[in-house]
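Trainee: You'll find coords-v6.txt just under this line, and it carries compact mmCIF, C-alpha atoms.
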# COMPACT_ATOMS: atom_id res chain seq x y z
CA MET Q 31 48.14 100.39 72.07
CA ASN Q 32 45.50 97.66 71.67
CA ALA Q 33 45.06 95.23 68.79
CA ALA Q 34 42.14 97.19 67.34
CA SER Q 35 44.14 100.41 67.06
CA ASP Q 36 47.04 98.45 65.59
CA MET Q 37 44.79 97.13 62.84
CA SER Q 38 43.33 100.58 62.25
CA ALA Q 39 46.80 102.05 61.76
CA LYS Q 40 47.81 99.30 59.34
CA GLY Q 41 44.62 99.70 57.36
CA ALA Q 42 45.25 103.42 56.92
CA GLY Q 43 48.65 102.84 55.31
CA MET Q 44 51.73 103.37 57.41
CA PRO Q 45 54.62 105.78 56.82
CA THR Q 46 58.20 104.64 56.86
CA ILE Q 47 59.99 105.75 60.01
CA VAL Q 48 63.49 107.04 59.31
CA LEU Q 49 65.67 107.23 62.43
CA VAL Q 50 68.80 109.39 62.61
CA HIS Q 51 71.21 108.76 65.48
CA GLY Q 52 73.45 111.42 66.93
CA ALA Q 53 77.06 111.78 67.97
CA PHE Q 54 78.76 109.22 70.22
CA ALA Q 55 76.17 106.61 69.18
CA ASP Q 56 75.24 104.40 66.25
CA SER Q 57 72.09 102.97 64.68
CA SER Q 58 71.88 100.22 67.30
CA SER Q 59 70.97 102.90 69.86
CA TRP Q 60 67.49 102.77 68.27
CA ASN Q 61 67.11 98.98 68.69
CA GLY Q 62 64.53 99.16 71.46
CA VAL Q 63 62.53 101.83 69.63
CA ILE Q 64 62.67 99.81 66.41
CA ALA Q 65 61.26 96.76 68.18
CA HIS Q 66 58.29 98.78 69.43
CA LEU Q 67 57.66 100.34 66.02
CA LYS Q 68 57.92 97.04 64.16
CA ARG Q 69 55.39 95.46 66.50
CA ARG Q 70 53.00 98.24 65.49
CA GLY Q 71 53.55 97.47 61.83
CA TYR Q 72 55.77 100.39 60.82
CA PRO Q 73 58.52 99.92 58.24
CA VAL Q 74 61.70 101.38 59.74
CA ILE Q 75 65.08 102.53 58.44
CA ALA Q 76 67.80 103.41 60.95
CA VAL Q 77 70.33 105.45 59.02
CA ALA Q 78 74.06 105.12 59.69
CA ASN Q 79 74.76 108.84 60.20
CA PRO Q 80 78.34 109.50 59.00
CA LEU Q 81 79.04 112.17 61.68
CA ARG Q 82 81.43 114.01 59.37
CA GLY Q 83 79.65 117.36 59.00
CA VAL Q 84 76.11 118.71 58.89
CA GLN Q 85 75.92 119.22 55.13
CA LYS Q 86 77.63 115.95 54.22
CA ASP Q 87 75.61 114.00 56.74
CA ALA Q 88 72.36 115.64 55.63
CA ALA Q 89 73.06 114.89 51.98
CA TYR Q 90 73.59 111.25 52.87
CA VAL Q 91 70.43 111.03 54.97
CA ARG Q 92 68.42 112.84 52.30
CA SER Q 93 69.61 110.37 49.66
CA ILE Q 94 68.06 107.59 51.72
CA VAL Q 95 64.82 109.48 52.38
CA ASP Q 96 64.50 110.09 48.64
CA THR Q 97 64.46 106.33 47.98
CA VAL Q 98 61.31 105.84 50.09
CA SER Q 99 58.26 105.65 47.87
CA GLY Q 100 55.69 106.88 50.32
CA PRO Q 101 55.23 109.07 53.37
CA VAL Q 102 58.06 109.36 55.87
CA VAL Q 103 58.20 110.32 59.52
CA MET Q 104 61.71 111.23 60.61
CA ALA Q 105 62.99 111.00 64.19
CA ALA Q 106 66.38 112.11 65.41
CA HIS Q 107 68.47 112.05 68.55
CA SER Q 108 71.01 114.63 69.69
CA TYR Q 109 73.24 115.91 66.83
CA GLY Q 110 71.04 113.86 64.51
CA GLY Q 111 68.45 116.60 64.93
CA SER Q 112 70.74 119.08 63.19
CA VAL Q 113 71.18 116.63 60.33
CA MET Q 114 67.44 115.96 60.12
CA THR Q 115 66.65 119.68 60.20
CA GLU Q 116 68.89 120.18 57.16
CA ALA Q 117 68.02 116.95 55.32
CA ALA Q 118 64.22 117.10 55.54
CA ASP Q 119 63.86 120.60 54.13
CA GLY Q 120 62.09 120.39 50.78
CA ALA Q 121 61.45 116.64 51.02
CA SER Q 122 57.84 116.36 49.95
CA ASN Q 123 57.38 112.88 51.44
CA VAL Q 124 58.46 113.87 54.97
CA LYS Q 125 55.29 114.47 56.95
CA ALA Q 126 56.57 114.88 60.51
CA LEU Q 127 59.77 115.48 62.48
CA VAL Q 128 60.34 114.02 65.94
CA TYR Q 129 63.17 115.45 68.03
CA CYS Q 130 64.22 113.08 70.85
CA ALA Q 131 66.64 114.67 73.33
CA SER Q 132 67.69 116.50 70.23
CA LEU Q 133 68.83 119.72 68.66
CA SER Q 134 66.53 121.61 66.30
CA PRO Q 135 68.73 124.48 65.10
CA ASP Q 136 67.68 127.50 63.14
CA VAL Q 137 69.57 128.61 60.04
CA GLY Q 138 73.09 129.70 60.98
CA GLU Q 139 73.23 127.79 64.29
CA SER Q 140 75.66 125.00 65.15
CA VAL Q 141 75.81 122.30 67.81
CA ALA Q 142 78.74 124.02 69.51
CA GLU Q 143 76.88 127.33 69.65
CA LEU Q 144 73.61 125.91 70.92
CA THR Q 145 74.95 123.63 73.65
CA VAL Q 146 76.39 126.59 75.55
CA LYS Q 147 73.30 128.77 75.16
CA PHE Q 148 71.91 127.38 78.44
CA PRO Q 149 73.86 125.95 81.39
CA GLY Q 150 73.86 122.26 82.22
CA SER Q 151 75.74 120.37 79.50
CA GLN Q 152 78.68 118.33 80.77
CA LEU Q 153 79.84 117.23 77.34
CA GLY Q 154 82.39 120.02 76.97
CA THR Q 155 84.43 118.84 79.95
CA SER Q 156 84.13 115.16 79.02
CA ILE Q 157 85.55 115.18 75.48
CA LYS Q 158 88.82 113.70 74.26
CA MET Q 159 90.11 115.00 70.91
CA VAL Q 160 91.85 112.56 68.57
CA PRO Q 161 93.58 113.62 65.32
CA ILE Q 162 92.73 111.73 62.14
CA PRO Q 163 94.33 111.94 58.67
CA LEU Q 164 92.40 113.40 55.75
CA ASP Q 165 92.58 112.30 52.11
CA ASP Q 166 94.21 115.61 51.13
CA GLY Q 167 97.06 115.04 53.57
CA GLY Q 168 95.66 117.33 56.23
CA THR Q 169 94.41 116.50 59.70
CA ALA Q 170 91.02 116.74 61.36
CA MET Q 171 89.91 116.10 64.91
CA GLU Q 172 87.44 113.51 66.13
CA GLN Q 173 85.68 113.73 69.47
CA TYR Q 174 85.12 110.95 71.99
CA ILE Q 175 83.55 111.05 75.42
CA HIS Q 176 86.05 109.67 77.93
CA GLN Q 177 84.88 106.14 78.60
CA ASP Q 178 84.92 106.56 82.37
CA LYS Q 179 82.67 109.64 82.06
CA PHE Q 180 80.34 108.28 79.40
CA PRO Q 181 77.79 106.47 81.63
CA ALA Q 182 77.18 109.44 83.94
CA VAL Q 183 77.16 112.13 81.25
CA PHE Q 184 75.41 110.32 78.41
CA ALA Q 185 73.50 107.37 79.82
CA ALA Q 186 72.88 107.79 83.55
CA ASP Q 187 69.61 105.84 83.54
CA VAL Q 188 70.85 103.02 81.30
CA ASP Q 189 71.78 99.65 82.76
CA PRO Q 190 75.46 100.05 83.83
CA ASP Q 191 76.70 97.08 81.77
CA THR Q 192 74.95 98.43 78.68
CA ALA Q 193 76.26 101.94 79.32
CA GLU Q 194 79.81 100.59 79.51
CA LEU Q 195 79.36 98.85 76.16
CA MET Q 196 77.99 102.06 74.67
CA ALA Q 197 81.08 103.90 75.90
CA VAL Q 198 83.37 101.41 74.18
CA THR Q 199 81.43 101.31 70.90
CA GLN Q 200 80.68 105.06 70.64
CA ARG Q 201 81.09 106.57 67.18
CA PRO Q 202 82.97 109.87 67.18
CA PRO Q 203 81.83 112.98 65.34
CA THR Q 204 84.38 115.27 63.79
CA GLU Q 205 84.93 118.61 65.45
CA ALA Q 206 83.67 120.14 62.20
CA ALA Q 207 80.30 118.39 62.64
CA GLN Q 208 79.86 120.18 65.94
CA ARG Q 209 80.86 123.59 64.57
CA GLU Q 210 79.20 123.56 61.14
CA SER Q 211 75.94 125.52 60.96
CA VAL Q 212 72.71 124.38 59.36
CA THR Q 213 71.63 126.21 56.21
CA ARG Q 214 67.98 125.06 56.23
CA ALA Q 215 65.38 124.56 58.95
CA ALA Q 216 62.80 121.95 57.98
CA TRP Q 217 60.76 122.52 61.14
CA LYS Q 218 59.59 125.83 59.69
CA MET Q 219 57.50 123.93 57.14
CA ILE Q 220 57.03 120.42 58.60
CA PRO Q 221 55.11 119.78 61.85
CA SER Q 222 57.32 118.65 64.69
CA TRP Q 223 57.21 116.88 68.03
CA ALA Q 224 59.83 117.04 70.79
CA LEU Q 225 60.65 114.64 73.61
CA ILE Q 226 62.32 116.70 76.35
CA THR Q 227 64.63 114.72 78.64
CA THR Q 228 64.63 116.41 82.04
CA GLN Q 229 67.78 114.69 83.37
CA ASP Q 230 69.84 115.36 80.26
CA LEU Q 231 73.49 116.29 80.82
CA GLY Q 232 74.27 116.45 77.12
CA ILE Q 233 71.62 118.85 75.77
CA PRO Q 234 70.23 120.85 78.71
CA PRO Q 235 66.45 120.55 79.19
CA ASP Q 236 66.05 124.34 79.07
CA LEU Q 237 67.74 124.38 75.66
CA GLN Q 238 65.46 121.62 74.44
CA ARG Q 239 62.43 123.59 75.65
CA PHE Q 240 63.66 126.78 73.98
CA MET Q 241 64.12 125.08 70.63
CA ALA Q 242 60.81 123.20 70.85
CA GLU Q 243 58.89 126.39 71.65
CA ARG Q 244 60.59 128.23 68.81
CA ALA Q 245 59.71 125.45 66.38
CA GLY Q 246 56.14 125.22 67.60
CA SER Q 247 56.70 121.56 68.42
CA THR Q 248 54.23 119.42 70.32
CA VAL Q 249 56.13 118.66 73.53
CA VAL Q 250 56.29 115.67 75.86
CA GLU Q 251 58.64 115.74 78.85
CA ILE Q 252 60.15 112.60 80.35
CA ASP Q 253 62.40 111.92 83.34
CA ALA Q 254 65.33 110.46 81.40
CA SER Q 255 68.98 110.90 80.53
CA HIS Q 256 70.35 111.88 77.13
CA ALA Q 257 70.26 108.22 76.04
CA VAL Q 258 66.47 108.08 76.24
CA ALA Q 259 66.09 105.85 73.17
CA VAL Q 260 68.07 103.18 75.02
CA SER Q 261 66.73 103.65 78.54
CA GLN Q 262 63.06 104.30 77.68
CA PRO Q 263 62.36 103.17 74.12
CA GLY Q 264 58.62 102.78 74.72
CA PRO Q 265 57.85 106.48 75.23
CA VAL Q 266 60.09 107.36 72.26
CA ALA Q 267 58.15 104.96 70.03
CA ASP Q 268 54.87 106.31 71.44
CA LEU Q 269 55.74 109.87 70.39
CA ILE Q 270 56.82 108.76 66.91
CA ASP Q 271 53.55 106.86 66.59
CA THR Q 272 51.62 109.95 67.73
CA ALA Q 273 53.36 112.08 65.11
CA ALA Q 274 52.71 109.50 62.40
CA ARG Q 275 49.00 109.29 63.22
CA ALA Q 276 48.60 113.06 63.50
CA THR Q 277 50.01 113.61 60.02
CA ALA Q 278 48.47 110.59 58.25
CA ARG Q 279 46.66 111.45 55.05
Show me the file's structure as structure tokens.
Mentor:
Amino acid sequence: MNAASDMSAKGAGMPTIVLVHGAFADSSSWNGVIAHLKRRGYPVIAVANPLRGVQKDAAYVRSIVDTVSGPVVMAAHSYGGSVMTEAADGASNVKALVYCASLSPDVGESVAELTVKFPGSQLGTSIKMVPIPLDDGGTAMEQYIHQDKFPAVFAADVDPDTAELMAVTQRPPTEAAQRESVTRAAWKMIPSWALITTQDLGIPPDLQRFMAERAGSTVVEIDASHAVAVSQPGPVADLIDTAARATAR
């Protein structure tokens, strides 16, 4: 983008970009994308997705969206797409949804159900389950990707040293977050864009295409792994910028 278009965008009034990370990642996975967006003048919030369950996570994300006093463009990665799909429904300030290597479920669908709808995901054979105590005295299960499998499965095109750090610092979702279905589908009312990652071993490209077609999303395909926001932040920021400009009022 050149300086003239930058100024034009700023003069038109810029939406806040709300970023929702997915499972096995944290808000820092958006750092490269944030840098690109900030240079273009966008205010940005990268939400710390709790990864406890779709409804709980969506309620938390929605509480943050509701504090923004102006238009919002939401972008999500991976499981974060399920959360965004639930959270954005009925939010009058959300103007666009951007799914980046992401799930965009319909009502009644879960992460666990969708990821086996098409072949190609290697997450199922790469997960370690760890029990955690609950406040009521019960036990739940958290999921980690085995550290030695993480780079190949999640971040094959990321610098190896960075991928190793991501493996160590991954944030685990609960098993419930993967099995809980969405109850709302914001993409039915809000225009959406989808970045399809053709080398994705987490969410198969054919699944991404199926969901994007169903949602009527504007699609861009990119030769990237599941960790596209880390390996290729420029194209991710470009698509968010495109969505923001297309829905500017």
Trainee: Got a sec to check which residues sit within 10 Å of (77.8, 126.7, 59.8), counting all atoms listed in the file, and write them as a ChimeraX atom specification?
Mentor: /Q:83-85,137-141,143,206-213
Trainee: List as a list in words the protein and nucleic acid residues near His66 in chain Q, meaning an atom at most 10 Å away when all atoms listed in the file are counted, but skip any in the same chain fewer than 5 places from it.
Mentor: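 Everything that qualifies: Asn61, Gly71, Tyr72, Pro263, Gly264, Pro265, Val266, Ala267, Asp268 and Asp271 of chain Q.
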Trainee: Between Q:Asp178, Q:Pro235, Q:Ala185, Q:Ser99, which residue has the minimum interatomic distance to Gln262 in chain Q, considering all atoms listed in the file?
Mentor: Q:Ala185
Trainee: Taking into account all atoms listed in the file, which residue in the set Q:Ala131, Q:Val258, Q:Leu231, Q:Ala65 is nearest to Gly150 in chain Q?
Mentor: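 Of the candidates, the smallest distance to Gly150 in chain Q is held by Q:Leu231.
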Trainee: Nearest to Ser108 in chain Q: which of Q:Asp56, Q:Asp165, Q:Glu243, Q:Glu205 is it, counting only C-alpha atoms?
Mentor: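 Of the candidates, the smallest distance to Ser108 in chain Q is held by Q:Asp56.
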Trainee: Pick out the closest residue to Gln200 in chain Q from this set: Q:Asp187, Q:Glu172, Q:Asp236, Q:Asp166. Count only C-alpha atoms.
Mentor: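 Of Q:Asp187, Q:Glu172, Q:Asp236, Q:Asp166, the one nearest Gln200 in chain Q, counting only C-alpha atoms, is Q:Glu172.
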